[in-house]
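Peer 1: Sharing input-v4.cif, mmCIF, C-alpha atoms:
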```cif
data_model
loop_
_atom_site.group_PDB
_atom_site.id
_atom_site.type_symbol
_atom_site.label_atom_id
_atom_site.label_comp_id
_atom_site.auth_asym_id
_atom_site.auth_seq_id
_atom_site.Cartn_x
_atom_site.Cartn_y
_atom_site.Cartn_z
ATOM 1 C CA MET X 1 84.985 56.388 19.726
ATOM 2 C CA ASN X 2 81.925 56.904 17.629
ATOM 3 C CA GLU X 3 80.384 54.025 15.742
ATOM 4 C CA TYR X 4 81.311 55.686 12.449
ATOM 5 C CA GLY X 5 84.953 55.644 13.477
ATOM 6 C CA GLN X 6 87.400 58.241 14.673
ATOM 7 C CA ASP X 7 89.184 58.291 11.320
ATOM 8 C CA ALA X 8 86.053 59.339 9.521
ATOM 9 C CA LEU X 9 85.630 62.219 11.973
ATOM 10 C CA ARG X 10 89.116 63.628 11.538
ATOM 11 C CA GLY X 11 88.962 66.870 9.633
ATOM 12 C CA GLY X 12 85.251 67.092 10.295
ATOM 13 C CA THR X 13 84.256 64.545 7.692
ATOM 14 C CA LEU X 14 81.757 61.704 7.838
ATOM 15 C CA ARG X 15 81.997 58.997 5.202
ATOM 16 C CA MET X 16 78.997 56.754 4.902
ATOM 17 C CA THR X 17 77.114 54.468 2.547
ATOM 18 C CA SER X 18 73.774 55.631 1.237
ATOM 19 C CA THR X 19 71.561 53.273 3.207
ATOM 20 C CA LEU X 20 68.758 54.193 5.557
ATOM 21 C CA SER X 21 70.425 52.149 8.290
ATOM 22 C CA GLU X 22 73.424 54.477 8.190
ATOM 23 C CA PHE X 23 71.267 57.592 8.105
ATOM 24 C CA GLY X 24 71.203 57.856 11.909
ATOM 25 C CA ALA X 25 74.951 58.502 11.851
ATOM 26 C CA VAL X 26 74.288 61.804 10.037
ATOM 27 C CA ARG X 27 72.423 63.277 12.997
ATOM 28 C CA ARG X 28 75.074 62.166 15.510
ATOM 29 C CA PHE X 29 77.872 63.464 13.311
ATOM 30 C CA VAL X 30 76.265 66.882 12.770
ATOM 31 C CA GLU X 31 75.380 67.282 16.446
ATOM 32 C CA ASP X 32 78.833 66.196 17.670
ATOM 33 C CA ARG X 33 80.658 68.287 15.122
ATOM 34 C CA LEU X 34 78.647 71.445 15.707
ATOM 35 C CA GLN X 35 78.908 71.070 19.449
ATOM 36 C CA ALA X 36 82.696 70.730 19.126
ATOM 37 C CA LEU X 37 82.771 73.869 16.987
ATOM 38 C CA GLY X 38 80.673 75.821 19.468
ATOM 39 C CA ALA X 39 77.626 76.349 17.267
ATOM 40 C CA SER X 40 74.467 77.771 18.811
ATOM 41 C CA ARG X 41 71.542 75.433 19.430
ATOM 42 C CA ASP X 42 69.414 77.246 16.838
ATOM 43 C CA ALA X 43 72.139 77.038 14.211
ATOM 44 C CA THR X 44 72.638 73.350 15.024
ATOM 45 C CA LEU X 45 68.962 72.556 14.440
ATOM 46 C CA ASP X 46 68.950 74.541 11.181
ATOM 47 C CA VAL X 47 72.072 72.819 9.847
ATOM 48 C CA LEU X 48 70.836 69.415 11.025
ATOM 49 C CA LEU X 49 67.573 69.833 9.164
ATOM 50 C CA ALA X 50 69.280 70.973 5.959
ATOM 51 C CA VAL X 51 71.898 68.211 6.010
ATOM 52 C CA GLU X 52 69.358 65.484 6.792
ATOM 53 C CA GLU X 53 67.072 66.640 3.993
ATOM 54 C CA MET X 54 69.825 66.803 1.395
ATOM 55 C CA VAL X 55 71.425 63.499 2.415
ATOM 56 C CA MET X 56 68.025 61.803 2.416
ATOM 57 C CA ASN X 57 67.501 63.078 -1.131
ATOM 58 C CA VAL X 58 70.819 61.567 -2.200
ATOM 59 C CA ILE X 59 69.958 58.235 -0.563
ATOM 60 C CA ILE X 60 66.449 57.951 -2.006
ATOM 61 C CA HIS X 61 66.561 59.831 -5.307
ATOM 62 C CA GLY X 62 70.278 59.896 -6.105
ATOM 63 C CA TYR X 63 71.381 56.337 -5.485
ATOM 64 C CA GLY X 64 68.003 54.630 -5.110
ATOM 65 C CA ASP X 65 68.389 50.864 -5.044
ATOM 66 C CA THR X 66 72.137 50.889 -5.660
ATOM 67 C CA PRO X 67 73.823 52.344 -2.557
ATOM 68 C CA GLY X 68 77.011 54.356 -2.953
ATOM 69 C CA PRO X 69 79.310 56.603 -0.938
ATOM 70 C CA ILE X 70 78.340 59.910 0.652
ATOM 71 C CA GLU X 71 80.851 62.239 2.280
ATOM 72 C CA ILE X 72 79.797 65.077 4.572
ATOM 73 C CA THR X 73 82.310 67.693 5.693
ATOM 74 C CA ILE X 74 81.581 70.514 8.113
ATOM 75 C CA MET X 75 84.189 73.245 8.492
ATOM 76 C CA PRO X 76 84.189 76.619 10.242
ATOM 77 C CA GLN X 77 84.794 79.732 8.132
ATOM 78 C CA GLY X 78 85.075 82.648 10.524
ATOM 79 C CA ASP X 79 81.783 82.568 12.390
ATOM 80 C CA SER X 80 80.085 80.746 9.514
ATOM 81 C CA LEU X 81 79.726 77.026 8.952
ATOM 82 C CA GLU X 82 80.370 75.456 5.590
ATOM 83 C CA VAL X 83 78.783 72.083 4.914
ATOM 84 C CA ARG X 84 79.917 70.064 1.925
ATOM 85 C CA VAL X 85 78.049 66.982 0.733
ATOM 86 C CA ARG X 86 79.629 64.849 -1.962
ATOM 87 C CA ASP X 87 78.228 61.785 -3.653
ATOM 88 C CA ARG X 88 78.779 59.693 -6.774
ATOM 89 C CA ALA X 89 75.138 59.310 -7.720
ATOM 90 C CA ARG X 90 73.753 60.495 -11.050
ATOM 91 C CA PRO X 91 74.251 64.223 -11.734
ATOM 92 C CA PHE X 92 71.690 66.304 -9.885
ATOM 93 C CA ASP X 93 71.756 70.026 -9.179
ATOM 94 C CA PRO X 94 69.307 70.778 -6.343
ATOM 95 C CA THR X 95 69.814 74.528 -6.726
ATOM 96 C CA LEU X 96 67.882 74.317 -10.017
ATOM 97 C CA VAL X 97 64.795 72.813 -8.399
ATOM 98 C CA PRO X 98 62.068 75.469 -8.203
ATOM 99 C CA ALA X 99 60.305 76.148 -4.932
ATOM 100 C CA PRO X 100 57.083 74.152 -4.636
ATOM 101 C CA ASP X 101 53.845 76.073 -5.039
ATOM 102 C CA THR X 102 52.653 75.767 -1.466
ATOM 103 C CA SER X 103 49.451 77.625 -2.278
ATOM 104 C CA LEU X 104 48.222 74.554 -4.150
ATOM 105 C CA PRO X 105 46.420 71.730 -2.400
ATOM 106 C CA LEU X 106 48.828 68.944 -1.524
ATOM 107 C CA ASP X 107 47.551 66.505 -4.083
ATOM 108 C CA LEU X 108 48.134 68.972 -6.918
ATOM 109 C CA ARG X 109 51.733 69.798 -6.067
ATOM 110 C CA ALA X 110 54.696 68.379 -7.903
ATOM 111 C CA PRO X 111 56.196 65.630 -5.748
ATOM 112 C CA GLY X 112 59.503 66.228 -3.996
ATOM 113 C CA GLY X 113 61.277 69.517 -3.775
ATOM 114 C CA LEU X 114 59.982 70.283 -0.310
ATOM 115 C CA GLY X 115 63.145 69.033 1.408
ATOM 116 C CA ILE X 116 65.294 71.207 -0.842
ATOM 117 C CA HIS X 117 62.988 74.136 -0.198
ATOM 118 C CA LEU X 118 63.330 73.654 3.573
ATOM 119 C CA ALA X 119 67.121 73.295 3.357
ATOM 120 C CA ARG X 120 67.340 76.503 1.317
ATOM 121 C CA HIS X 121 65.256 78.288 3.903
ATOM 122 C CA TYR X 122 67.385 77.160 6.844
ATOM 123 C CA MET X 123 70.773 77.821 5.235
ATOM 124 C CA ASP X 124 72.081 81.137 3.910
ATOM 125 C CA SER X 125 73.473 79.867 0.642
ATOM 126 C CA MET X 126 73.560 76.719 -1.451
ATOM 127 C CA SER X 127 75.822 76.071 -4.425
ATOM 128 C CA TYR X 128 76.435 73.055 -6.617
ATOM 129 C CA ARG X 129 79.068 71.786 -8.969
ATOM 130 C CA ARG X 130 79.942 68.568 -10.703
ATOM 131 C CA THR X 131 83.534 67.827 -9.691
ATOM 132 C CA PRO X 132 86.218 66.740 -12.195
ATOM 133 C CA GLU X 133 86.092 63.362 -10.416
ATOM 134 C CA GLY X 134 82.456 62.993 -11.431
ATOM 135 C CA GLU X 135 80.886 63.723 -8.079
ATOM 136 C CA ASN X 136 77.937 65.866 -7.098
ATOM 137 C CA GLU X 137 79.225 68.506 -4.701
ATOM 138 C CA LEU X 138 76.774 70.611 -2.741
ATOM 139 C CA ILE X 139 78.059 73.401 -0.526
ATOM 140 C CA MET X 140 75.763 75.042 1.999
ATOM 141 C CA VAL X 141 76.717 77.921 4.273
ATOM 142 C CA LYS X 142 75.151 78.950 7.559
ATOM 143 C CA ARG X 143 76.239 82.435 8.587
ATOM 144 C CA ALA X 144 76.737 83.657 12.147
ATOM 145 C CA ALA X 145 76.462 80.099 13.400
ATOM 146 C CA LEU X 146 79.480 80.079 15.683
ATOM 147 C CA ASN X 147 80.289 82.001 18.794
ATOM 148 C CA ARG X 148 83.540 83.739 18.025
ATOM 149 C CA GLY X 149 86.499 82.422 19.958
ATOM 150 C CA ALA X 150 85.112 78.907 20.258
ATOM 151 C CA ALA X 151 87.340 75.904 19.635
ATOM 152 C CA THR X 152 87.844 74.885 16.027
ATOM 153 C CA MET B 1 60.298 59.888 19.557
ATOM 154 C CA GLU B 2 57.510 58.713 21.873
ATOM 155 C CA ILE B 3 53.829 58.705 21.032
ATOM 156 C CA THR B 4 51.149 58.584 23.709
ATOM 157 C CA VAL B 5 47.513 58.005 22.777
ATOM 158 C CA SER B 6 44.608 59.294 24.840
ATOM 159 C CA HIS B 7 40.900 59.783 24.253
ATOM 160 C CA GLU B 8 38.765 62.836 24.934
ATOM 161 C CA GLN B 9 35.092 63.493 24.480
ATOM 162 C CA GLY B 10 34.118 66.809 22.924
ATOM 163 C CA ARG B 11 31.076 67.149 20.685
ATOM 164 C CA VAL B 12 32.616 64.119 19.004
ATOM 165 C CA PRO B 13 35.204 61.630 20.267
ATOM 166 C CA VAL B 14 38.719 62.970 19.777
ATOM 167 C CA THR B 15 41.883 60.884 19.838
ATOM 168 C CA VAL B 16 44.907 62.799 21.063
ATOM 169 C CA LEU B 17 48.316 61.698 19.812
ATOM 170 C CA HIS B 18 50.992 63.305 21.945
ATOM 171 C CA VAL B 19 54.403 63.206 20.343
ATOM 172 C CA ALA B 20 57.562 63.774 22.379
ATOM 173 C CA GLY B 21 60.882 64.230 20.624
ATOM 174 C CA ALA B 22 62.069 65.216 17.176
ATOM 175 C CA ILE B 23 60.027 63.786 14.282
ATOM 176 C CA THR B 24 62.767 62.432 12.067
ATOM 177 C CA SER B 25 60.930 59.403 10.745
ATOM 178 C CA ASN B 26 57.436 59.388 9.306
ATOM 179 C CA THR B 27 56.732 55.678 9.722
ATOM 180 C CA GLU B 28 56.303 55.600 13.509
ATOM 181 C CA LEU B 29 53.789 58.436 13.579
ATOM 182 C CA GLU B 30 51.921 57.100 10.548
ATOM 183 C CA GLU B 31 51.704 53.674 12.174
ATOM 184 C CA ALA B 32 50.362 55.143 15.436
ATOM 185 C CA ALA B 33 47.717 57.076 13.485
ATOM 186 C CA ARG B 34 46.791 54.033 11.411
ATOM 187 C CA GLN B 35 46.345 51.914 14.536
ATOM 188 C CA ALA B 36 44.196 54.617 16.111
ATOM 189 C CA TYR B 37 42.128 54.820 12.927
ATOM 190 C CA GLU B 38 41.624 51.058 12.831
ATOM 191 C CA ALA B 39 40.521 51.200 16.461
ATOM 192 C CA GLY B 40 37.832 53.680 15.403
ATOM 193 C CA ALA B 41 39.455 57.116 15.682
ATOM 194 C CA ARG B 42 38.013 59.566 13.134
ATOM 195 C CA ASN B 43 39.182 62.843 14.694
ATOM 196 C CA ILE B 44 42.775 63.286 15.731
ATOM 197 C CA LEU B 45 44.400 66.092 17.668
ATOM 198 C CA LEU B 46 48.143 65.912 17.200
ATOM 199 C CA ASP B 47 49.856 67.386 20.242
ATOM 200 C CA LEU B 48 53.196 68.770 19.048
ATOM 201 C CA SER B 49 54.034 70.768 22.163
ATOM 202 C CA ASP B 50 56.976 68.480 22.989
ATOM 203 C CA VAL B 51 58.378 68.303 19.463
ATOM 204 C CA PRO B 52 61.496 70.468 19.129
ATOM 205 C CA TYR B 53 62.154 69.706 15.496
ATOM 206 C CA MET B 54 60.319 68.570 12.408
ATOM 207 C CA ALA B 55 61.413 68.179 8.801
ATOM 208 C CA THR B 56 59.870 66.598 5.731
ATOM 209 C CA ALA B 57 59.468 63.251 7.512
ATOM 210 C CA GLY B 58 57.046 64.943 9.899
ATOM 211 C CA LEU B 59 55.315 66.788 7.073
ATOM 212 C CA ARG B 60 54.898 63.529 5.174
ATOM 213 C CA ALA B 61 53.344 61.958 8.265
ATOM 214 C CA LEU B 62 50.911 64.882 8.594
ATOM 215 C CA HIS B 63 49.917 64.488 4.961
ATOM 216 C CA TYR B 64 49.369 60.766 5.507
ATOM 217 C CA ILE B 65 47.168 61.322 8.571
ATOM 218 C CA TYR B 66 45.250 64.096 6.839
ATOM 219 C CA THR B 67 44.506 61.769 3.923
ATOM 220 C CA LEU B 68 43.686 58.869 6.247
ATOM 221 C CA LEU B 69 41.009 60.903 8.028
ATOM 222 C CA ARG B 70 39.513 62.610 4.993
ATOM 223 C CA THR B 71 36.055 61.213 4.249
ATOM 224 C CA ASP B 72 33.991 60.850 1.085
ATOM 225 C CA SER B 73 31.435 63.431 2.217
ATOM 226 C CA PRO B 74 30.501 66.206 -0.269
ATOM 227 C CA GLU B 75 32.051 68.854 2.037
ATOM 228 C CA GLU B 76 35.396 67.132 1.538
ATOM 229 C CA SER B 77 35.299 66.554 -2.219
ATOM 230 C CA ASP B 78 38.403 67.453 -4.235
ATOM 231 C CA GLU B 79 36.618 70.455 -5.688
ATOM 232 C CA VAL B 80 35.411 71.879 -2.384
ATOM 233 C CA VAL B 81 38.748 71.274 -0.648
ATOM 234 C CA GLY B 82 40.778 72.697 -3.544
ATOM 235 C CA LYS B 83 38.675 75.849 -3.738
ATOM 236 C CA GLY B 84 38.586 76.198 0.036
ATOM 237 C CA ILE B 85 42.350 75.969 0.462
ATOM 238 C CA ARG B 86 42.901 78.598 -2.240
ATOM 239 C CA ALA B 87 40.311 80.870 -0.666
ATOM 240 C CA GLY B 88 41.670 80.229 2.834
ATOM 241 C CA THR B 89 38.294 78.950 4.015
ATOM 242 C CA TYR B 90 39.028 75.253 4.331
ATOM 243 C CA VAL B 91 40.696 73.477 7.215
ATOM 244 C CA SER B 92 40.608 69.766 7.864
ATOM 245 C CA PRO B 93 37.714 68.986 10.225
ATOM 246 C CA HIS B 94 39.403 65.742 11.313
ATOM 247 C CA LEU B 95 43.071 66.578 11.942
ATOM 248 C CA LYS B 96 44.157 69.509 14.077
ATOM 249 C CA LEU B 97 47.427 70.482 15.683
ATOM 250 C CA LEU B 98 48.161 71.569 19.219
ATOM 251 C CA GLY B 99 50.990 73.751 20.489
ATOM 252 C CA PRO B 100 53.719 73.613 17.809
ATOM 253 C CA SER B 101 56.947 75.389 18.781
ATOM 254 C CA ALA B 102 58.055 78.422 16.776
ATOM 255 C CA ARG B 103 60.488 76.203 14.904
ATOM 256 C CA VAL B 104 57.897 73.554 14.035
ATOM 257 C CA LEU B 105 55.396 76.256 13.062
ATOM 258 C CA GLU B 106 57.997 77.720 10.705
ATOM 259 C CA ALA B 107 58.376 74.363 8.926
ATOM 260 C CA LEU B 108 54.570 74.061 8.676
ATOM 261 C CA LYS B 109 54.359 77.524 7.129
ATOM 262 C CA ILE B 110 57.192 76.963 4.653
ATOM 263 C CA ALA B 111 55.415 73.837 3.491
ATOM 264 C CA GLY B 112 52.060 75.627 3.377
ATOM 265 C CA TYR B 113 50.518 73.108 5.784
ATOM 266 C CA ASP B 114 49.224 75.863 8.046
ATOM 267 C CA MET B 115 46.751 76.625 5.236
ATOM 268 C CA PHE B 116 44.651 73.517 5.794
ATOM 269 C CA LEU B 117 45.530 72.381 9.309
ATOM 270 C CA GLU B 118 44.039 74.313 12.190
ATOM 271 C CA ILE B 119 46.563 75.180 14.873
ATOM 272 C CA HIS B 120 45.486 75.449 18.506
ATOM 273 C CA ARG B 121 47.232 76.664 21.627
ATOM 274 C CA ASP B 122 44.712 75.459 24.198
ATOM 275 C CA ARG B 123 43.948 71.778 24.571
ATOM 276 C CA ALA B 124 40.357 72.124 25.806
ATOM 277 C CA GLN B 125 39.518 74.579 23.046
ATOM 278 C CA ALA B 126 41.142 72.333 20.495
ATOM 279 C CA ILE B 127 39.053 69.352 21.587
ATOM 280 C CA SER B 128 35.802 71.296 21.585
ATOM 281 C CA SER B 129 36.577 72.677 18.108
ATOM 282 C CA PHE B 130 36.023 69.286 16.461
#
```
What would the structure in this file look like if it were written as structure tokens?
Peer 2:
Amino acid sequence: MNEYGQDALRGGTLRMTSTLSEFGAVRRFVEDRLQALGASRDATLDVLLAVEEMVMNVIIHGYGDTPGPIEITIMPQGDSLEVRVRDRARPFDPTLVPAPDTSLPLDLRAPGGLGIHLARHYMDSMSYRRTPEGENELIMVKRAALNRGAAT
Amino acid sequence: MEITVSHEQGRVPVTVLHVAGAITSNTELEEAARQAYEAGARNILLDLSDVPYMATAGLRALHYIYTLLRTDSPEESDEVVGKGIRAGTYVSPHLKLLGPSARVLEALKIAGYDMFLEIHRDRAQAISSF
């Protein structure tokens, strides 16, 4: 039994509240889930980085001082991994954020955006929609992440 | 994440912060650097050879330490540093990195941090480069 509950794990989903104290559960969930799916170590580190960055953005910039729910689902699609992050924070489409100009000195760069930039780099695709239920839904795909024939 | 502090004498005193484990929080590393700075450290070699993984938390910590160690000297004025980074001729004289893994190096490059932080592979050479 994980501390975030067996129910929350069923179907490959973690449900959490957007607080920094719950953030540690994200890493354990991603690592456990990807191990169960037979993901490679490299793919696991890539997905972990992307998920942590995007969830941290939701916690800090999305909800801010008023915590709310975050749901992370990781499902296999052939040998790819699909990660879905849903939240009820204010509408925010990270796919519209331009890449930071990393040729500028740090102090002259626009703040933020680096986490999204890193997540984009480590995943193969990123798409966003506002759901009819009023949620932000981010879907990220990592291709060739699973060894074929591994358990689902 | 575990941070071990040691002191070396090159041309100048160099404080080595050895980090072991994934850098997933910036506060611990920033605090270790701040304590070293308050104890007199002015040149820091950050040994990343046992760091498998680093994301924006680690990058934020590097930025913090870089800023902490930057002095008011004319060679480090905004103008000189800005021009130098664009021209590829400036690296921080006070913060250098040792032995990042391919994965950590990739994150440094994506963020553009390799443009102003010198990266070393050999500890003795790194210490004597300050």
Peer 1: Atom CA of Ser101 of chain B to atom CA of Gln35 of chain X: how many Å, to one decimal?
Peer 2: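 Separation of atom CA of Ser101 of chain B and atom CA of Gln35 of chain X: 22.4 Å.
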Peer 1: Measuring between all atoms listed in the file, which one of X:Gly12, X:Gly134, X:Gly64, X:Pro91 shows the shortest distance to Leu34 of chain X?
Peer 2: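 Among the listed residues, X:Gly12 lies closest to Leu34 of chain X.
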Peer 1: Name every residue that the PyMOL selection byres ((chain B and resi 48) around 6) selects in this structure, writing the answer as a ChimeraX atom specification with chains first and numbers rising.
Peer 2: /B:19,47,49-51,98-100
Peer 1: In Å, how far is it from atom CA of Glu106 of chain B to atom CA of Arg34 of chain B?
Peer 2: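 About the pair atom CA of Glu106 of chain B and atom CA of Arg34 of chain B: they are 26.2 Å apart.
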Peer 1: For atom CA of Gly58 of chain B and atom CA of Ile23 of chain B, determine how far apart the two atoms are, in Å to one decimal place.
Peer 2: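 Spanning atom CA of Gly58 of chain B to atom CA of Ile23 of chain B is a straight-line distance of 5.4 Å.
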Peer 1: Quick one: which residues end up in the PyMOL selection byres ((chain X and resi 113) around 12) for this structure, as an NGL selection string?
Peer 2: (:X and (53-54 or 56-57 or 61 or 93-102 or 109-112 or 114-120)) or (:B and (56 or 110-111))
